[in-house]
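File shown here: upload-v3.pdb, holding PDB, C-alpha atoms and all ligand atoms.
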```
ATOM      1  CA  MET O 206      61.194  53.645   9.583  1.00  0.00           C
ATOM      2  CA  ASN O 207      61.669  51.263  12.507  1.00  0.00           C
ATOM      3  CA  GLU O 208      58.863  50.417  14.897  1.00  0.00           C
ATOM      4  CA  ARG O 209      59.940  52.869  17.627  1.00  0.00           C
ATOM      5  CA  ARG O 210      60.193  55.802  15.178  1.00  0.00           C
ATOM      6  CA  LEU O 211      56.799  54.878  13.788  1.00  0.00           C
ATOM      7  CA  LEU O 212      55.225  54.845  17.256  1.00  0.00           C
ATOM      8  CA  LEU O 213      56.883  58.148  18.172  1.00  0.00           C
ATOM      9  CA  THR O 214      55.704  59.778  14.943  1.00  0.00           C
ATOM     10  CA  ALA O 215      52.165  58.531  15.471  1.00  0.00           C
ATOM     11  CA  ALA O 216      52.150  59.779  19.073  1.00  0.00           C
ATOM     12  CA  LEU O 217      53.416  63.229  18.091  1.00  0.00           C
ATOM     13  CA  GLY O 218      50.931  63.411  15.233  1.00  0.00           C
ATOM     14  CA  ALA O 219      48.144  62.876  17.742  1.00  0.00           C
ATOM     15  CA  VAL O 220      49.153  65.839  19.921  1.00  0.00           C
ATOM     16  CA  LEU O 221      50.636  68.397  17.502  1.00  0.00           C
ATOM     17  CA  PRO O 222      48.462  70.381  15.100  1.00  0.00           C
ATOM     18  CA  TRP O 223      50.562  69.391  12.122  1.00  0.00           C
ATOM     19  CA  PRO O 224      49.093  70.247   8.713  1.00  0.00           C
ATOM     20  CA  ALA O 225      47.483  67.311   6.975  1.00  0.00           C
ATOM     21  CA  ARG O 226      49.659  67.952   3.940  1.00  0.00           C
ATOM     22  CA  ALA O 227      53.367  68.699   4.122  1.00  0.00           C
ATOM     23  CA  ALA O 228      53.720  72.400   3.289  1.00  0.00           C
ATOM     24  CA  ARG O 229      56.889  73.993   1.946  1.00  0.00           C
ATOM     25  CA  PRO O 230      58.658  76.506   4.173  1.00  0.00           C
ATOM     26  CA  GLY O 231      56.722  79.774   4.183  1.00  0.00           C
ATOM     27  CA  ALA O 232      53.606  78.304   2.572  1.00  0.00           C
ATOM     28  CA  GLY O 233      50.199  79.189   3.989  1.00  0.00           C
ATOM     29  CA  THR O 234      47.325  76.881   4.822  1.00  0.00           C
ATOM     30  CA  GLY O 235      44.429  78.874   3.328  1.00  0.00           C
ATOM     31  CA  PRO O 236      43.447  79.079  -0.336  1.00  0.00           C
ATOM     32  CA  VAL O 237      46.059  80.941  -2.357  1.00  0.00           C
ATOM     33  CA  LEU O 238      44.864  84.399  -3.424  1.00  0.00           C
ATOM     34  CA  LEU O 239      48.008  85.645  -5.154  1.00  0.00           C
ATOM     35  CA  THR O 240      50.884  83.871  -6.904  1.00  0.00           C
ATOM     36  CA  VAL O 241      54.064  85.832  -7.592  1.00  0.00           C
ATOM     37  CA  THR O 242      56.352  84.342 -10.251  1.00  0.00           C
ATOM     38  CA  GLY O 243      59.468  85.211 -12.241  1.00  0.00           C
ATOM     39  CA  ALA O 244      62.388  87.173 -10.819  1.00  0.00           C
ATOM     40  CA  ILE O 245      61.644  86.473  -7.146  1.00  0.00           C
ATOM     41  CA  GLY O 246      63.755  85.144  -4.289  1.00  0.00           C
ATOM     42  CA  ARG O 247      63.206  81.592  -3.132  1.00  0.00           C
ATOM     43  CA  GLY O 248      59.697  80.285  -3.677  1.00  0.00           C
ATOM     44  CA  ASN O 249      57.258  78.699  -1.266  1.00  0.00           C
ATOM     45  CA  ARG O 250      55.731  76.491  -3.970  1.00  0.00           C
ATOM     46  CA  GLY O 251      57.014  74.424  -6.833  1.00  0.00           C
ATOM     47  CA  PRO O 252      56.559  74.740 -10.595  1.00  0.00           C
ATOM     48  CA  LEU O 253      53.362  75.296 -12.569  1.00  0.00           C
ATOM     49  CA  ASP O 254      51.332  72.098 -12.597  1.00  0.00           C
ATOM     50  CA  PRO O 255      50.222  71.813 -16.251  1.00  0.00           C
ATOM     51  CA  ALA O 256      47.279  69.629 -15.241  1.00  0.00           C
ATOM     52  CA  LEU O 257      45.946  71.267 -12.088  1.00  0.00           C
ATOM     53  CA  ASP O 258      46.910  74.962 -12.321  1.00  0.00           C
ATOM     54  CA  GLN O 259      44.157  75.427 -14.898  1.00  0.00           C
ATOM     55  CA  LEU O 260      43.593  79.185 -14.757  1.00  0.00           C
ATOM     56  CA  MET O 261      47.315  79.940 -14.879  1.00  0.00           C
ATOM     57  CA  VAL O 262      47.758  77.499 -17.778  1.00  0.00           C
ATOM     58  CA  ARG O 263      44.938  79.229 -19.618  1.00  0.00           C
ATOM     59  CA  HIS O 264      46.657  82.573 -19.105  1.00  0.00           C
ATOM     60  CA  GLY O 265      49.991  81.250 -20.392  1.00  0.00           C
ATOM     61  CA  ALA O 266      51.879  81.205 -17.074  1.00  0.00           C
ATOM     62  CA  LYS O 267      55.209  79.390 -16.909  1.00  0.00           C
ATOM     63  CA  PHE O 268      57.320  79.084 -13.769  1.00  0.00           C
ATOM     64  CA  ASP O 269      59.633  76.760 -11.876  1.00  0.00           C
ATOM     65  CA  GLN O 270      58.870  78.255  -8.486  1.00  0.00           C
ATOM     66  CA  ALA O 271      56.580  80.897  -7.097  1.00  0.00           C
ATOM     67  CA  TRP O 272      55.629  82.715  -3.957  1.00  0.00           C
ATOM     68  CA  ALA O 273      52.004  81.937  -3.070  1.00  0.00           C
ATOM     69  CA  PHE O 274      50.139  84.183  -0.611  1.00  0.00           C
ATOM     70  CA  ASP O 275      46.978  83.240   1.236  1.00  0.00           C
ATOM     71  CA  ALA O 276      44.783  85.826   2.985  1.00  0.00           C
ATOM     72  CA  ALA O 277      46.533  85.395   6.356  1.00  0.00           C
ATOM     73  CA  MET O 278      49.967  86.016   4.828  1.00  0.00           C
ATOM     74  CA  LEU O 279      48.717  89.226   3.192  1.00  0.00           C
ATOM     75  CA  ALA O 280      46.993  90.292   6.424  1.00  0.00           C
ATOM     76  CA  ARG O 281      50.302  90.010   8.302  1.00  0.00           C
ATOM     77  CA  LEU O 282      51.932  92.634   6.063  1.00  0.00           C
ATOM     78  CA  PRO O 283      51.647  96.284   7.125  1.00  0.00           C
ATOM     79  CA  ALA O 284      48.515  97.789   5.539  1.00  0.00           C
ATOM     80  CA  VAL O 285      47.771 101.252   4.191  1.00  0.00           C
ATOM     81  CA  SER O 286      44.482 102.956   3.281  1.00  0.00           C
ATOM     82  CA  ILE O 287      43.601 105.146   0.316  1.00  0.00           C
ATOM     83  CA  GLN O 288      40.361 106.966  -0.520  1.00  0.00           C
ATOM     84  CA  PRO O 289      39.943 107.372  -4.256  1.00  0.00           C
ATOM     85  CA  THR O 290      36.693 108.307  -5.952  1.00  0.00           C
ATOM     86  CA  LEU O 291      35.686 105.162  -7.809  1.00  0.00           C
ATOM     87  CA  GLU O 292      34.471 105.295 -11.372  1.00  0.00           C
ATOM     88  CA  TYR O 293      31.711 102.807 -10.690  1.00  0.00           C
ATOM     89  CA  ASP O 294      29.616 105.051  -8.435  1.00  0.00           C
ATOM     90  CA  ALA O 295      31.611 108.329  -8.546  1.00  0.00           C
ATOM     91  CA  LYS O 296      31.956 108.194  -4.737  1.00  0.00           C
ATOM     92  CA  PRO O 297      35.044 108.089  -2.536  1.00  0.00           C
ATOM     93  CA  HIS O 298      35.695 104.705  -0.913  1.00  0.00           C
ATOM     94  CA  THR O 299      38.306 103.451   1.510  1.00  0.00           C
ATOM     95  CA  LEU O 300      40.539 100.726   0.107  1.00  0.00           C
ATOM     96  CA  SER O 301      43.069  99.038   2.362  1.00  0.00           C
ATOM     97  CA  GLY O 302      45.740  96.378   2.138  1.00  0.00           C
ATOM     98  CA  PRO O 303      49.510  96.128   1.820  1.00  0.00           C
ATOM     99  CA  LEU O 304      51.394  98.216  -0.703  1.00  0.00           C
ATOM    100  CA  LEU O 305      52.234  96.264  -3.854  1.00  0.00           C
ATOM    101  CA  VAL O 306      55.949  96.888  -3.211  1.00  0.00           C
ATOM    102  CA  THR O 307      55.549  95.421   0.293  1.00  0.00           C
ATOM    103  CA  VAL O 308      54.007  92.249  -1.147  1.00  0.00           C
ATOM    104  CA  LEU O 309      56.819  91.983  -3.670  1.00  0.00           C
ATOM    105  CA  GLU O 310      59.472  92.517  -1.003  1.00  0.00           C
ATOM    106  CA  ALA O 311      57.879  89.668   0.961  1.00  0.00           C
ATOM    107  CA  ALA O 312      58.355  87.554  -2.180  1.00  0.00           C
ATOM    108  CA  GLY O 313      62.038  88.451  -2.314  1.00  0.00           C
ATOM    109  CA  VAL O 314      61.919  91.248  -4.910  1.00  0.00           C
ATOM    110  CA  ALA O 315      64.418  93.907  -3.831  1.00  0.00           C
ATOM    111  CA  ALA O 316      62.976  97.396  -3.357  1.00  0.00           C
ATOM    112  CA  GLY O 317      64.867  99.066  -6.204  1.00  0.00           C
ATOM    113  CA  ALA O 318      65.093  96.076  -8.552  1.00  0.00           C
ATOM    114  CA  PRO O 319      64.952  97.041 -12.268  1.00  0.00           C
ATOM    115  CA  VAL O 320      61.904  94.899 -13.042  1.00  0.00           C
ATOM    116  CA  THR O 321      58.564  95.133 -14.811  1.00  0.00           C
ATOM    117  CA  LEU O 322      55.429  93.564 -13.388  1.00  0.00           C
ATOM    118  CA  ALA O 323      52.626  91.819 -15.242  1.00  0.00           C
ATOM    119  CA  LEU O 324      49.579  92.154 -12.988  1.00  0.00           C
ATOM    120  CA  ARG O 325      47.021  89.570 -14.101  1.00  0.00           C
ATOM    121  CA  ALA O 326      43.363  89.385 -13.136  1.00  0.00           C
ATOM    122  CA  LEU O 327      40.975  86.438 -13.055  1.00  0.00           C
ATOM    123  CA  ASP O 328      39.321  87.536 -16.319  1.00  0.00           C
ATOM    124  CA  GLY O 329      42.700  87.710 -18.083  1.00  0.00           C
ATOM    125  CA  TYR O 330      43.002  91.492 -17.945  1.00  0.00           C
ATOM    126  CA  THR O 331      46.726  92.180 -17.586  1.00  0.00           C
ATOM    127  CA  VAL O 332      48.577  95.373 -16.746  1.00  0.00           C
ATOM    128  CA  ALA O 333      52.299  95.978 -17.324  1.00  0.00           C
ATOM    129  CA  LEU O 334      53.805  98.285 -14.735  1.00  0.00           C
ATOM    130  CA  SER O 335      57.387  98.960 -13.689  1.00  0.00           C
ATOM    131  CA  LEU O 336      58.291  98.370 -10.049  1.00  0.00           C
ATOM    132  CA  ALA O 337      59.359 102.033  -9.970  1.00  0.00           C
ATOM    133  CA  ASP O 338      55.840 103.127 -10.997  1.00  0.00           C
ATOM    134  CA  ALA O 339      54.251 100.694  -8.519  1.00  0.00           C
ATOM    135  CA  ARG O 340      56.278 102.532  -5.879  1.00  0.00           C
ATOM    136  CA  SER O 341      55.659 106.108  -7.087  1.00  0.00           C
ATOM    137  CA  HIS O 342      51.912 105.437  -7.587  1.00  0.00           C
ATOM    138  CA  ARG O 343      51.778 103.798  -4.132  1.00  0.00           C
ATOM    139  CA  MET O 344      49.817 100.956  -5.699  1.00  0.00           C
ATOM    140  CA  VAL O 345      47.898  99.025  -3.057  1.00  0.00           C
ATOM    141  CA  VAL O 346      46.976  95.336  -3.119  1.00  0.00           C
ATOM    142  CA  ALA O 347      43.607  96.104  -1.589  1.00  0.00           C
ATOM    143  CA  THR O 348      41.882  93.368   0.375  1.00  0.00           C
ATOM    144  CA  HIS O 349      39.135  95.508   1.957  1.00  0.00           C
ATOM    145  CA  LEU O 350      36.635  98.027   0.568  1.00  0.00           C
ATOM    146  CA  ASP O 351      35.143 100.311   3.222  1.00  0.00           C
ATOM    147  CA  GLY O 352      36.351  97.868   5.872  1.00  0.00           C
ATOM    148  CA  VAL O 353      34.742  94.814   4.289  1.00  0.00           C
ATOM    149  CA  PRO O 354      36.821  92.056   2.656  1.00  0.00           C
ATOM    150  CA  MET O 355      36.322  92.088  -1.110  1.00  0.00           C
ATOM    151  CA  GLY O 356      35.163  88.848  -2.688  1.00  0.00           C
ATOM    152  CA  LEU O 357      34.900  86.927  -5.906  1.00  0.00           C
ATOM    153  CA  GLY O 358      32.107  88.239  -8.084  1.00  0.00           C
ATOM    154  CA  GLY O 359      32.893  91.795  -7.042  1.00  0.00           C
ATOM    155  CA  LEU O 360      36.231  93.572  -7.202  1.00  0.00           C
ATOM    156  CA  GLY O 361      38.145  91.061  -5.083  1.00  0.00           C
ATOM    157  CA  PRO O 362      39.498  89.122  -3.485  1.00  0.00           C
ATOM    158  CA  LEU O 363      42.383  91.471  -4.389  1.00  0.00           C
ATOM    159  CA  TRP O 364      42.360  94.729  -6.301  1.00  0.00           C
ATOM    160  CA  ALA O 365      45.606  96.414  -7.332  1.00  0.00           C
ATOM    161  CA  VAL O 366      44.503 100.011  -7.066  1.00  0.00           C
ATOM    162  CA  HIS O 367      45.951 103.493  -6.665  1.00  0.00           C
ATOM    163  CA  ASP O 368      44.721 106.735  -5.132  1.00  0.00           C
ATOM    164  CA  ALA O 369      43.744 108.329  -8.437  1.00  0.00           C
ATOM    165  CA  ASP O 370      42.342 111.504  -6.810  1.00  0.00           C
ATOM    166  CA  ARG O 371      45.776 112.398  -5.458  1.00  0.00           C
ATOM    167  CA  LEU O 372      48.133 111.202  -8.225  1.00  0.00           C
ATOM    168  CA  PRO O 373      49.222 113.955 -10.647  1.00  0.00           C
ATOM    169  CA  ALA O 374      49.159 111.499 -13.554  1.00  0.00           C
ATOM    170  CA  PHE O 375      45.499 110.541 -12.970  1.00  0.00           C
ATOM    171  CA  LYS O 376      43.635 113.127 -10.899  1.00  0.00           C
ATOM    172  CA  ASP O 377      42.680 115.363 -13.830  1.00  0.00           C
ATOM    173  CA  LYS O 378      41.541 112.550 -16.097  1.00  0.00           C
ATOM    174  CA  PRO O 379      37.857 111.708 -16.497  1.00  0.00           C
ATOM    175  CA  LEU O 380      36.823 109.146 -13.850  1.00  0.00           C
ATOM    176  CA  LYS O 381      36.469 106.448 -16.510  1.00  0.00           C
ATOM    177  CA  GLU O 382      40.148 106.769 -17.436  1.00  0.00           C
ATOM    178  CA  ARG O 383      41.723 106.769 -13.979  1.00  0.00           C
ATOM    179  CA  PHE O 384      41.857 103.043 -13.256  1.00  0.00           C
ATOM    180  CA  ALA O 385      43.113 101.373 -16.423  1.00  0.00           C
ATOM    181  CA  LEU O 386      46.257 100.267 -14.515  1.00  0.00           C
ATOM    182  CA  CYS O 387      44.178  98.781 -11.713  1.00  0.00           C
ATOM    183  CA  PRO O 388      43.140  95.160 -12.252  1.00  0.00           C
ATOM    184  CA  TRP O 389      40.350  94.008  -9.940  1.00  0.00           C
ATOM    185  CA  GLY O 390      40.364  90.253  -9.274  1.00  0.00           C
ATOM    186  CA  LEU O 391      44.190  90.311  -9.253  1.00  0.00           C
ATOM    187  CA  TYR O 392      45.534  86.795  -8.734  1.00  0.00           C
ATOM    188  CA  SER O 393      48.987  86.634 -10.328  1.00  0.00           C
ATOM    189  CA  ILE O 394      52.034  88.845 -10.672  1.00  0.00           C
ATOM    190  CA  ASP O 395      54.915  87.928 -12.962  1.00  0.00           C
ATOM    191  CA  VAL O 396      58.159  89.791 -12.278  1.00  0.00           C
ATOM    192  CA  LYS O 397      60.439  90.332 -15.286  1.00  0.00           C
ATOM    193  CA  ALA O 398      63.992  91.649 -15.210  1.00  0.00           C
ATOM    194  CA  THR O 399      64.329  94.637 -17.557  1.00  0.00           C
TER
HETATM  195  N1  LIG L   1      39.968  92.533 -13.962  1.00  0.00           N
HETATM  196  C1  LIG L   1      39.803  93.642 -14.687  1.00  0.00           C
HETATM  197  N2  LIG L   1      40.267  94.797 -14.215  1.00  0.00           N
HETATM  198  C2  LIG L   1      40.124  95.934 -14.955  1.00  0.00           C
HETATM  199  C3  LIG L   1      39.538  95.907 -16.234  1.00  0.00           C
HETATM  200  C4  LIG L   1      39.068  94.654 -16.698  1.00  0.00           C
HETATM  201  O1  LIG L   1      38.527  94.529 -17.809  1.00  0.00           O
HETATM  202  N3  LIG L   1      39.221  93.555 -15.909  1.00  0.00           N
HETATM  203  N4  LIG L   1      39.444  97.063 -16.985  1.00  0.00           N
HETATM  204  C5  LIG L   1      40.358  98.157 -16.622  1.00  0.00           C
HETATM  205  C6  LIG L   1      40.003  99.400 -17.280  1.00  0.00           C
HETATM  206  S1  LIG L   1      40.553  99.632 -18.866  1.00  0.00           S
HETATM  207  C7  LIG L   1      39.306 100.357 -16.637  1.00  0.00           C
HETATM  208  S2  LIG L   1      38.994 101.855 -17.335  1.00  0.00           S
HETATM  209  C8  LIG L   1      38.780 100.069 -15.292  1.00  0.00           C
HETATM  210  C9  LIG L   1      37.310  99.956 -15.364  1.00  0.00           C
HETATM  211  O2  LIG L   1      37.010  98.904 -16.234  1.00  0.00           O
HETATM  212  P1  LIG L   1      35.769  97.968 -15.951  1.00  0.00           P
HETATM  213  O3  LIG L   1      34.566  98.828 -16.143  1.00  0.00           O
HETATM  214  O4  LIG L   1      35.884  96.855 -16.953  1.00  0.00           O
HETATM  215  O5  LIG L   1      35.897  97.470 -14.544  1.00  0.00           O
HETATM  216  O6  LIG L   1      39.224  98.865 -14.678  1.00  0.00           O
HETATM  217  C10 LIG L   1      40.423  98.363 -15.117  1.00  0.00           C
HETATM  218  N5  LIG L   1      40.596  97.095 -14.443  1.00  0.00           N
HETATM  219 MO    MO L   2      39.460 101.534 -19.608  1.00  0.00          MO
END
```
When written as structure tokens, how does the structure in this file appear?
Amino acid sequence: MNERRLLLTAALGAVLPWPARAARPGAGTGPVLLTVTGAIGRGNRGPLDPALDQLMVRHGAKFDQAWAFDAAMLARLPAVSIQPTLEYDAKPHTLSGPLLVTVLEAAGVAAGAPVTLALRALDGYTVALSLADARSHRMVVATHLDGVPMGLGGLGPLWAVHDADRLPAFKDKPLKERFALCPWGLYSIDVKAT
């Protein structure tokens, strides 16, 4: 860089709110809540870092690129609300957030793609679900419970959850058996071509 370019760059850096760290196109600036890997479109982050992506390494993740969502990126997607009776207190609660299929479309997964999803939670609990079932169950990537953002230590920050009270496949089951496909603490989704 010559001296004039250097001066220009320094001057612009002083007035523009450029991120401190060069982000890839489409990457967010907040902490990543959800990483979508596998059969996606282009990614907004690079490959698994075997040293620093410790939780994903522990859970056996492997990827060359991924789509990483922070809270703001998820909040920009159209949201829906469901009101299932939860097994934890046997009371109906409002859960809201984007549909799982909407999140996947934002990551470049075509609506009718013949793929299976591995939904993985912080504690390692993993659910296999076809994209077709994610659509027919209207699975929600819930960010809010009764209007309050869900957090770590509870069911959040993200809970992949369906409206069990209204789904024919679940509504007549005992409460304790309605949410086996619903990982709380969801943080990674691997998309596999079938
Ligand atoms: N992260 C996470 N989500 C989970 C589970 C779990 O162990 N971890 N268990 C699943 C099962 S089998 C059921 S029946 C319900 C309730 O399980 P829990 O009591 O362990 O939350 O949540 C589902 N989601
Ligand atoms: Mo369960």
Radius query 6 Å about (40.2, 103.2, 3.4), atoms used: all atoms listed in the file, as a list in words
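Every residue inside that radius is included here: Ser286, Ile287, Gln288, Thr299, Leu300, Ser301 and Asp351 of chain O.
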With a distance cut-off of 12 Å and all atoms listed in the file, select the neighbouring residues of Asp395 (chain O), excluding the residue or stretch itself and same-chain residues fewer than 3 positions from it, and output the selection as a PyMOL selection string.
chain O and resi 239-245+261+264-268+270-273+309+312+314+320-326+331-336+391-392+398
If you count all atoms listed in the file, the residue of O:Gly356, O:Pro289, O:Gly361, O:Pro319 closest to ligand LIG 1 (chain L) turns out to be O:Gly361
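Running the PyMOL selection byres (((not hetatm)) within 7 of (chain L and resi 2)) on this file leaves Lys381, Glu382, Phe384 and Ala385 of chain O selected.
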Within 12 Å of ligand LIG 1 (chain L) (counting all atoms listed in the file), which residues show up? I'd like them as a ChimeraX atom specification.
/O:291-294,324-332,357-367,369,375,378-393
Two-atom distance - CA of Met344 (chain O), CA of Gly248 (chain O) (Å)
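Between these atoms lies a distance of 23.0 Å.
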What separation in Å, quoted to one decimal, exists between CA of Gly313 (chain O) and CA of Leu279 (chain O)?
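Between CA of Gly313 (chain O) and CA of Leu279 (chain O) the gap works out to 14.4 Å.
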Just to confirm, what's the straight-line distance from CA of His349 (chain O) to CA of Thr307 (chain O) in Å (one decimal)?
16.5 Å
Selection: 8 Å around region 337-340 of chain O, only C-alpha atoms, excl. self and same-chain fewer than 6 positions, as a PDB file with C-alpha atoms, in the coordinates of the input:
```pdb
ATOM      1  CA  LEU O 305      52.234  96.264  -3.854  1.00  0.00           C
ATOM      2  CA  VAL O 306      55.949  96.888  -3.211  1.00  0.00           C
ATOM      3  CA  GLY O 317      64.867  99.066  -6.204  1.00  0.00           C
ATOM      4  CA  PRO O 319      64.952  97.041 -12.268  1.00  0.00           C
TER       5      PRO O 319
END
```
Starting from 4 Å padding per side, set up an axis-aligned box that covers all listed atoms of region 270-276 of chain O and hand over centre and edge lengths in Å, one decimal, as AutoDock Vina command-line options.
```
--center_x 51.8 --center_y 82.0 --center_z -2.8 --size_x 22.1 --size_y 15.6 --size_z 19.5
```
When you look at Arg281 (chain O) with a cut-off of 12 Å (counting all atoms listed in the file), what residues show up, excluding the ones that are within fewer than 6 positions of it in the same chain? I need them as an MDAnalysis selection string.
chainID O and resid 233 274:275 302:303 307:308 311
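Distances here use only C-alpha atoms; by that measure, the residue among O:Pro354, O:Ser341, O:Lys296, O:Thr234 closest to Ala316 (chain O) is O:Ser341.
Ranking O:Gly251, O:His342, O:Thr348, O:Met355 by their shortest atom-to-atom distance to Ala374 (chain O), with only C-alpha atoms included, puts O:His342 first.
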N, CA and C atoms are needed for region 249-275 of chain O; please write them out as a PDB file, in the coordinates of the input.
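What ended up in out18.pdb:
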```
ATOM      1  N   ASN O 249      57.856  79.566  -2.283  1.00  0.00           N
ATOM      2  CA  ASN O 249      57.258  78.699  -1.266  1.00  0.00           C
ATOM      3  C   ASN O 249      56.344  77.661  -1.920  1.00  0.00           C
ATOM      4  N   ARG O 250      56.421  77.586  -3.268  1.00  0.00           N
ATOM      5  CA  ARG O 250      55.731  76.491  -3.970  1.00  0.00           C
ATOM      6  C   ARG O 250      56.558  76.108  -5.196  1.00  0.00           C
ATOM      7  N   GLY O 251      56.274  74.953  -5.704  1.00  0.00           N
ATOM      8  CA  GLY O 251      57.014  74.424  -6.833  1.00  0.00           C
ATOM      9  C   GLY O 251      56.487  74.943  -8.159  1.00  0.00           C
ATOM     10  N   PRO O 252      56.879  74.274  -9.245  1.00  0.00           N
ATOM     11  CA  PRO O 252      56.559  74.740 -10.595  1.00  0.00           C
ATOM     12  C   PRO O 252      55.067  74.670 -10.939  1.00  0.00           C
ATOM     13  N   LEU O 253      54.715  75.374 -12.012  1.00  0.00           N
ATOM     14  CA  LEU O 253      53.362  75.296 -12.569  1.00  0.00           C
ATOM     15  C   LEU O 253      53.009  73.827 -12.785  1.00  0.00           C
ATOM     16  N   ASP O 254      51.825  73.454 -12.342  1.00  0.00           N
ATOM     17  CA  ASP O 254      51.332  72.098 -12.597  1.00  0.00           C
ATOM     18  C   ASP O 254      50.463  72.181 -13.854  1.00  0.00           C
ATOM     19  N   PRO O 255      50.948  71.631 -14.981  1.00  0.00           N
ATOM     20  CA  PRO O 255      50.222  71.813 -16.251  1.00  0.00           C
ATOM     21  C   PRO O 255      48.830  71.199 -16.220  1.00  0.00           C
ATOM     22  N   ALA O 256      48.599  70.262 -15.308  1.00  0.00           N
ATOM     23  CA  ALA O 256      47.279  69.629 -15.241  1.00  0.00           C
ATOM     24  C   ALA O 256      46.339  70.375 -14.302  1.00  0.00           C
ATOM     25  N   LEU O 257      46.842  70.789 -13.143  1.00  0.00           N
ATOM     26  CA  LEU O 257      45.946  71.267 -12.088  1.00  0.00           C
ATOM     27  C   LEU O 257      45.918  72.783 -11.907  1.00  0.00           C
ATOM     28  N   ASP O 258      46.922  73.493 -12.424  1.00  0.00           N
ATOM     29  CA  ASP O 258      46.910  74.962 -12.321  1.00  0.00           C
ATOM     30  C   ASP O 258      46.169  75.536 -13.527  1.00  0.00           C
ATOM     31  N   GLN O 259      44.893  75.173 -13.659  1.00  0.00           N
ATOM     32  CA  GLN O 259      44.157  75.427 -14.898  1.00  0.00           C
ATOM     33  C   GLN O 259      44.052  76.893 -15.297  1.00  0.00           C
ATOM     34  N   LEU O 260      43.765  77.779 -14.359  1.00  0.00           N
ATOM     35  CA  LEU O 260      43.593  79.185 -14.757  1.00  0.00           C
ATOM     36  C   LEU O 260      44.930  79.767 -15.216  1.00  0.00           C
ATOM     37  N   MET O 261      45.997  79.421 -14.488  1.00  0.00           N
ATOM     38  CA  MET O 261      47.315  79.940 -14.879  1.00  0.00           C
ATOM     39  C   MET O 261      47.758  79.356 -16.220  1.00  0.00           C
ATOM     40  N   VAL O 262      47.449  78.108 -16.477  1.00  0.00           N
ATOM     41  CA  VAL O 262      47.758  77.499 -17.778  1.00  0.00           C
ATOM     42  C   VAL O 262      47.025  78.252 -18.884  1.00  0.00           C
ATOM     43  N   ARG O 263      45.748  78.522 -18.622  1.00  0.00           N
ATOM     44  CA  ARG O 263      44.938  79.229 -19.618  1.00  0.00           C
ATOM     45  C   ARG O 263      45.506  80.611 -19.927  1.00  0.00           C
ATOM     46  N   HIS O 264      46.098  81.235 -18.916  1.00  0.00           N
ATOM     47  CA  HIS O 264      46.657  82.573 -19.105  1.00  0.00           C
ATOM     48  C   HIS O 264      48.132  82.549 -19.506  1.00  0.00           C
ATOM     49  N   GLY O 265      48.641  81.350 -19.840  1.00  0.00           N
ATOM     50  CA  GLY O 265      49.991  81.250 -20.392  1.00  0.00           C
ATOM     51  C   GLY O 265      51.115  81.339 -19.382  1.00  0.00           C
ATOM     52  N   ALA O 266      50.819  81.113 -18.101  1.00  0.00           N
ATOM     53  CA  ALA O 266      51.879  81.205 -17.074  1.00  0.00           C
ATOM     54  C   ALA O 266      52.884  80.069 -17.238  1.00  0.00           C
ATOM     55  N   LYS O 267      54.135  80.392 -16.925  1.00  0.00           N
ATOM     56  CA  LYS O 267      55.209  79.390 -16.909  1.00  0.00           C
ATOM     57  C   LYS O 267      56.129  79.748 -15.756  1.00  0.00           C
ATOM     58  N   PHE O 268      56.379  78.799 -14.857  1.00  0.00           N
ATOM     59  CA  PHE O 268      57.320  79.084 -13.769  1.00  0.00           C
ATOM     60  C   PHE O 268      57.814  77.801 -13.121  1.00  0.00           C
ATOM     61  N   ASP O 269      59.022  77.893 -12.581  1.00  0.00           N
ATOM     62  CA  ASP O 269      59.633  76.760 -11.876  1.00  0.00           C
ATOM     63  C   ASP O 269      59.370  76.830 -10.380  1.00  0.00           C
ATOM     64  N   GLN O 270      59.202  78.047  -9.895  1.00  0.00           N
ATOM     65  CA  GLN O 270      58.870  78.255  -8.486  1.00  0.00           C
ATOM     66  C   GLN O 270      58.076  79.547  -8.400  1.00  0.00           C
ATOM     67  N   ALA O 271      57.414  79.707  -7.273  1.00  0.00           N
ATOM     68  CA  ALA O 271      56.580  80.897  -7.097  1.00  0.00           C
ATOM     69  C   ALA O 271      56.432  81.170  -5.612  1.00  0.00           C
ATOM     70  N   TRP O 272      55.961  82.368  -5.325  1.00  0.00           N
ATOM     71  CA  TRP O 272      55.629  82.715  -3.957  1.00  0.00           C
ATOM     72  C   TRP O 272      54.113  82.844  -3.898  1.00  0.00           C
ATOM     73  N   ALA O 273      53.466  81.953  -3.152  1.00  0.00           N
ATOM     74  CA  ALA O 273      52.004  81.937  -3.070  1.00  0.00           C
ATOM     75  C   ALA O 273      51.559  82.540  -1.742  1.00  0.00           C
ATOM     76  N   PHE O 274      50.651  83.502  -1.813  1.00  0.00           N
ATOM     77  CA  PHE O 274      50.139  84.183  -0.611  1.00  0.00           C
ATOM     78  C   PHE O 274      48.693  83.774  -0.370  1.00  0.00           C
ATOM     79  N   ASP O 275      48.386  83.385   0.862  1.00  0.00           N
ATOM     80  CA  ASP O 275      46.978  83.240   1.236  1.00  0.00           C
ATOM     81  C   ASP O 275      46.553  84.516   1.973  1.00  0.00           C
TER      82      ASP O 275
END
```
